[in-house]
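Report on one structure; see the data block that follows.
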Amino acid sequence: MMVNIRWHGRGGQGAFTAARLLGAAYSSHENQYALAFPSFGPERRGAPIQAFTKLDTKPVVNRSEVNQADYIIFLDDTLFTEGILRELKADGKVLLNTKQSFDNSRILTIDADSIAAETLKQPITNTIMLGAFAEVFQGIGIQDIQEAIQLHMPAKLHDRNILAVQQAAEQIHREVLL
């Protein structure tokens with residue numbers, strides 16, 4: 001059964017990179033396939049964008065945008081409204097980068113901005129949200145994400161991003177899943 005993930009971010013935040021890394025991590029296993037693609041208007045830094053990752057145990061050929069997602073991930077909380085829950089499957093989850101808390105079990109939050117400032121020394125939360133997702137989604141592990149980072153990101157970014165992924169997974173486990 002296909003799992004549909006929709007990423008929301010702003011141009012320059014790395015939403016499409018995260019979508020691609022997730023696809024690479026998932027499809028590194030036998031009989032697991034992924035498709036990642038972006039959707040945006042005129043390209044400019046800071047403009048809202050969406051990216052999609054589709055995961056399945058058979059080749060993914062459907063390239064249409066995801067309207068009913070299993071997971072919706074927000075790199076930027078200014079793009080989030082609770083109305084987005086209508087675009088989520090009944091058992092779906094929102095993973096939101098924010099300092100706010102919500103009294104809704106479908107909305108999982110993490111302060112990815114703080115991890116980015118401390119660990120990455122820049123305001124890019126894509127791999128942090130990817131680490132949080134790996135902790136929530138049972139179909140992929142932190143090790144898979146780390147290997148995708150090593151294979152698909154420049155070497156100078158490996159150590160800090162791998163550390164950020166680990167910190168995100170630990171925070172989600174500690175604050176949300178316990």
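In the structure tokens, chains take the letters A, B, ... in the order shown, each chain's residues start at 1, and ligands count up from 1 in the order shown.
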Checklist entry - Out of chain A, which residues get helix (DSSP H, G or I) from DSSP, as a VMD selection string? => result chain A and resid 15 to 26 77 to 79 82 to 87 112 to 120 126 to 136 142 to 152 155 to 177
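Within the 8 Å cut-off around Phe74 in chain A, using only C-alpha atoms and omitting residues fewer than 3 positions from it on the same chain, the listed residues are A:Trp7, A:His8, A:Gly9, A:Asp77, A:Leu79, A:Phe80, A:Val94, A:Leu95, A:Leu96, A:Asn97.
With only C-alpha atoms as the atoms that count, the minimum distance from Ala117 in chain A to the choices A:Arg160, A:Arg10, A:Arg63, A:Arg20 is reached by A:Arg160.
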Next on the checklist: Please identify the strand (DSSP E or B) residues within chain A (assignment by DSSP from backbone atoms) and present them as a VMD selection string.
Outcome noted: chain A and resid 3 to 10 33 to 39 48 to 56 69 to 74 88 to 97 107 to 110
Selection to disk with N, CA and C atoms, as a tab-separated table (two decimals), in the first residue's frame:
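Output contents, as saved in again.tsv:
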```
chain	number	residue	atom	x	y	z
A	3	VAL	N	2.33	4.90	0.60
A	3	VAL	CA	2.33	5.92	1.65
A	3	VAL	C	2.67	7.23	0.97
A	4	ASN	N	1.82	8.23	1.18
A	4	ASN	CA	1.97	9.54	0.56
A	4	ASN	C	2.39	10.57	1.60
A	5	ILE	N	3.49	11.25	1.33
A	5	ILE	CA	4.00	12.29	2.22
A	5	ILE	C	4.04	13.60	1.45
A	6	ARG	N	3.49	14.64	2.06
A	6	ARG	CA	3.53	15.96	1.45
A	6	ARG	C	4.37	16.87	2.35
A	7	TRP	N	5.30	17.55	1.74
A	7	TRP	CA	6.20	18.48	2.43
A	7	TRP	C	5.79	19.90	2.12
A	8	HIS	N	5.75	20.76	3.13
A	8	HIS	CA	5.49	22.19	2.94
A	8	HIS	C	6.69	22.96	3.47
A	9	GLY	N	7.17	23.88	2.67
A	9	GLY	CA	8.28	24.72	3.09
A	9	GLY	C	8.31	25.97	2.26
A	10	ARG	N	9.39	26.68	2.38
A	10	ARG	CA	9.60	27.87	1.57
A	10	ARG	C	10.84	27.63	0.72
A	33	TYR	N	10.14	1.03	-3.22
A	33	TYR	CA	10.27	1.99	-4.30
A	33	TYR	C	9.77	3.35	-3.83
A	34	ALA	N	10.31	4.39	-4.44
A	34	ALA	CA	9.92	5.74	-4.06
A	34	ALA	C	9.94	6.66	-5.27
A	35	LEU	N	9.15	7.71	-5.17
A	35	LEU	CA	9.14	8.77	-6.15
A	35	LEU	C	9.06	10.08	-5.38
A	36	ALA	N	9.93	11.01	-5.67
A	36	ALA	CA	9.92	12.33	-5.03
A	36	ALA	C	9.90	13.39	-6.12
A	37	PHE	N	9.07	14.41	-5.92
A	37	PHE	CA	9.00	15.49	-6.90
A	37	PHE	C	8.48	16.76	-6.23
A	38	PRO	N	8.86	17.93	-6.77
A	38	PRO	CA	8.42	19.21	-6.20
A	38	PRO	C	7.21	19.77	-6.94
A	39	SER	N	6.62	20.77	-6.32
A	39	SER	CA	5.56	21.55	-6.96
A	39	SER	C	5.70	22.98	-6.47
A	48	PRO	N	6.31	29.94	-0.87
A	48	PRO	CA	5.82	28.63	-0.45
A	48	PRO	C	5.98	27.59	-1.55
A	49	ILE	N	6.42	26.42	-1.15
A	49	ILE	CA	6.55	25.30	-2.10
A	49	ILE	C	6.02	24.04	-1.45
A	50	GLN	N	5.72	23.08	-2.28
A	50	GLN	CA	5.35	21.75	-1.79
A	50	GLN	C	6.25	20.75	-2.49
A	51	ALA	N	6.51	19.66	-1.80
A	51	ALA	CA	7.22	18.54	-2.41
A	51	ALA	C	6.49	17.29	-1.95
A	52	PHE	N	6.69	16.22	-2.69
A	52	PHE	CA	5.96	14.99	-2.40
A	52	PHE	C	6.92	13.81	-2.42
A	53	THR	N	6.66	12.86	-1.55
A	53	THR	CA	7.36	11.58	-1.58
A	53	THR	C	6.30	10.50	-1.54
A	54	LYS	N	6.39	9.57	-2.47
A	54	LYS	CA	5.48	8.42	-2.51
A	54	LYS	C	6.31	7.17	-2.29
A	55	LEU	N	5.90	6.36	-1.32
A	55	LEU	CA	6.63	5.15	-0.96
A	55	LEU	C	5.72	3.94	-1.17
A	56	ASP	N	6.28	2.88	-1.74
A	56	ASP	CA	5.46	1.69	-2.00
A	56	ASP	C	6.36	0.45	-2.11
A	69	ALA	N	-3.02	12.94	2.16
A	69	ALA	CA	-1.71	12.43	2.56
A	69	ALA	C	-1.80	11.57	3.81
A	70	ASP	N	-0.84	10.66	3.91
A	70	ASP	CA	-0.65	9.89	5.14
A	70	ASP	C	0.10	10.75	6.16
A	71	TYR	N	1.02	11.56	5.66
A	71	TYR	CA	1.81	12.47	6.50
A	71	TYR	C	1.96	13.79	5.77
A	72	ILE	N	1.84	14.87	6.52
A	72	ILE	CA	2.13	16.20	5.98
A	72	ILE	C	3.18	16.81	6.90
A	73	ILE	N	4.29	17.24	6.32
A	73	ILE	CA	5.42	17.73	7.09
A	73	ILE	C	5.64	19.20	6.76
A	74	PHE	N	5.70	20.02	7.81
A	74	PHE	CA	5.89	21.46	7.64
A	74	PHE	C	7.26	21.86	8.15
A	88	LEU	N	-5.64	15.29	5.11
A	88	LEU	CA	-4.92	14.21	5.74
A	88	LEU	C	-5.84	12.99	5.84
A	89	LYS	N	-5.32	11.81	5.58
A	89	LYS	CA	-6.11	10.60	5.74
A	89	LYS	C	-6.53	10.46	7.21
A	90	ALA	N	-7.57	9.68	7.45
A	90	ALA	CA	-8.14	9.55	8.80
A	90	ALA	C	-7.10	9.18	9.85
A	91	ASP	N	-6.16	8.33	9.50
A	91	ASP	CA	-5.13	7.91	10.47
A	91	ASP	C	-3.81	8.64	10.24
A	92	GLY	N	-3.84	9.70	9.46
A	92	GLY	CA	-2.63	10.44	9.12
A	92	GLY	C	-2.14	11.35	10.23
A	93	LYS	N	-0.90	11.83	10.04
A	93	LYS	CA	-0.25	12.70	11.03
A	93	LYS	C	0.36	13.90	10.33
A	94	VAL	N	0.35	15.02	11.05
A	94	VAL	CA	1.07	16.22	10.66
A	94	VAL	C	2.31	16.28	11.53
A	95	LEU	N	3.44	16.55	10.92
A	95	LEU	CA	4.69	16.76	11.65
A	95	LEU	C	5.07	18.22	11.41
A	96	LEU	N	5.09	19.00	12.49
A	96	LEU	CA	5.18	20.45	12.37
A	96	LEU	C	6.38	21.00	13.13
A	97	ASN	N	7.19	21.78	12.44
A	97	ASN	CA	8.29	22.50	13.05
A	97	ASN	C	7.72	23.75	13.72
A	107	ILE	N	-1.37	16.01	15.35
A	107	ILE	CA	-0.34	17.02	15.09
A	107	ILE	C	0.83	16.79	16.03
A	108	LEU	N	1.96	16.39	15.47
A	108	LEU	CA	3.18	16.16	16.25
A	108	LEU	C	4.10	17.34	16.01
A	109	THR	N	4.66	17.89	17.08
A	109	THR	CA	5.49	19.09	16.93
A	109	THR	C	6.92	18.82	17.39
A	110	ILE	N	7.82	19.58	16.79
A	110	ILE	CA	9.23	19.55	17.15
A	110	ILE	C	9.79	20.95	16.90
```
Item to check | Polymer residues at most 8 Å from Thr119 in chain A, only C-alpha atoms, same-chain spacing of 3 or more positions, as a PyMOL selection string | outcome: chain A and resi 115-116+160-161+163-164
Export, as an mmCIF file, in the first residue's frame, the selected residues with all heavy atoms.
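selection-v8.cif written:
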```
data_model
loop_
_atom_site.group_PDB
_atom_site.id
_atom_site.type_symbol
_atom_site.label_atom_id
_atom_site.label_comp_id
_atom_site.auth_asym_id
_atom_site.auth_seq_id
_atom_site.Cartn_x
_atom_site.Cartn_y
_atom_site.Cartn_z
ATOM 1 N N ILE A 115 17.162 23.189 16.906
ATOM 2 C CA ILE A 115 18.176 22.189 16.542
ATOM 3 C C ILE A 115 19.017 22.712 15.386
ATOM 4 O O ILE A 115 20.241 22.573 15.390
ATOM 5 C CB ILE A 115 17.520 20.836 16.185
ATOM 6 C CG1 ILE A 115 16.830 20.237 17.422
ATOM 7 C CG2 ILE A 115 18.562 19.856 15.629
ATOM 8 C CD1 ILE A 115 15.998 18.995 17.125
ATOM 9 N N ALA A 116 18.368 23.336 14.409
ATOM 10 C CA ALA A 116 19.095 23.877 13.248
ATOM 11 C C ALA A 116 20.075 24.955 13.682
ATOM 12 O O ALA A 116 21.227 24.975 13.230
ATOM 13 C CB ALA A 116 18.117 24.427 12.218
ATOM 14 N N ARG A 160 27.252 17.286 10.419
ATOM 15 C CA ARG A 160 26.263 18.127 11.100
ATOM 16 C C ARG A 160 24.835 17.660 10.828
ATOM 17 O O ARG A 160 23.993 17.669 11.723
ATOM 18 C CB ARG A 160 26.425 19.587 10.694
ATOM 19 C CG ARG A 160 27.665 20.227 11.295
ATOM 20 C CD ARG A 160 27.737 21.691 10.990
ATOM 21 N NE ARG A 160 27.936 21.840 9.538
ATOM 22 C CZ ARG A 160 27.987 22.988 8.909
ATOM 23 N NH1 ARG A 160 27.824 24.103 9.563
ATOM 24 N NH2 ARG A 160 28.172 23.042 7.618
ATOM 25 N N ASN A 161 24.547 17.259 9.585
ATOM 26 C CA ASN A 161 23.193 16.815 9.267
ATOM 27 C C ASN A 161 22.872 15.476 9.909
ATOM 28 O O ASN A 161 21.747 15.262 10.369
ATOM 29 C CB ASN A 161 22.980 16.771 7.749
ATOM 30 C CG ASN A 161 22.662 18.136 7.200
ATOM 31 O OD1 ASN A 161 21.528 18.601 7.301
ATOM 32 N ND2 ASN A 161 23.659 18.804 6.647
ATOM 33 N N LEU A 163 24.100 14.424 12.741
ATOM 34 C CA LEU A 163 23.874 14.760 14.147
ATOM 35 C C LEU A 163 22.487 15.382 14.337
ATOM 36 O O LEU A 163 21.761 15.041 15.286
ATOM 37 C CB LEU A 163 24.963 15.706 14.648
ATOM 38 C CG LEU A 163 24.833 16.168 16.109
ATOM 39 C CD1 LEU A 163 24.834 14.977 17.062
ATOM 40 C CD2 LEU A 163 25.964 17.142 16.441
ATOM 41 N N ALA A 164 22.087 16.257 13.445
ATOM 42 C CA ALA A 164 20.772 16.899 13.532
ATOM 43 C C ALA A 164 19.653 15.871 13.402
ATOM 44 O O ALA A 164 18.641 15.947 14.122
ATOM 45 C CB ALA A 164 20.635 17.985 12.460
#
```
Next on the checklist: One decimal, in Å: what's the spacing between CA of Glu175 in chain A and CA of Glu118 in chain A?
Outcome noted: 18.7 Å
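Going from CA of Gly139 in chain A over to CA of Ser27 in chain A, you cover 10.7 Å.
Proximity ranking of A:Ile140, A:Ile145, A:Met1, A:Ala24 relative to Thr127 in chain A places A:Ile145 first, based on only C-alpha atoms.
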Checklist outcome for this item: Among A:Ile84, A:Ala155, A:Gln166, A:Thr98, Gln143 in chain A is approached most closely, using only C-alpha atoms, by A:Gln166
Item to check | Among the residues A:Glu87, A:Ala25, A:Asp76, A:Glu82, the one that comes closest to Asp113 in chain A [using only C-alpha atoms] | outcome: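 Checking each candidate against Asp113 in chain A, we get A:Asp76 as the closest.
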Item to check | Using only C-alpha atoms: which of A:Ile162, A:Ala168, A:Leu21, A:Leu151 has the shortest distance to Ala132 in chain A | outcome: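 Among A:Ile162, A:Ala168, A:Leu21, A:Leu151, it is A:Ala168 that comes nearest to Ala132 in chain A.
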Item to check | Among listed residues A:Leu22, A:Gly46, A:Thr78, A:Met2, nearest Pro59 in chain A (using only C-alpha atoms) | outcome: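 So, comparing all the options, the nearest one is A:Met2.
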Checklist entry - Between CA of Glu147 in chain A and CA of Gly14 in chain A, what is the distance, to one decimal in Å? => result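 Straight-line distance from CA of Glu147 in chain A to CA of Gly14 in chain A works out to 17.7 Å.
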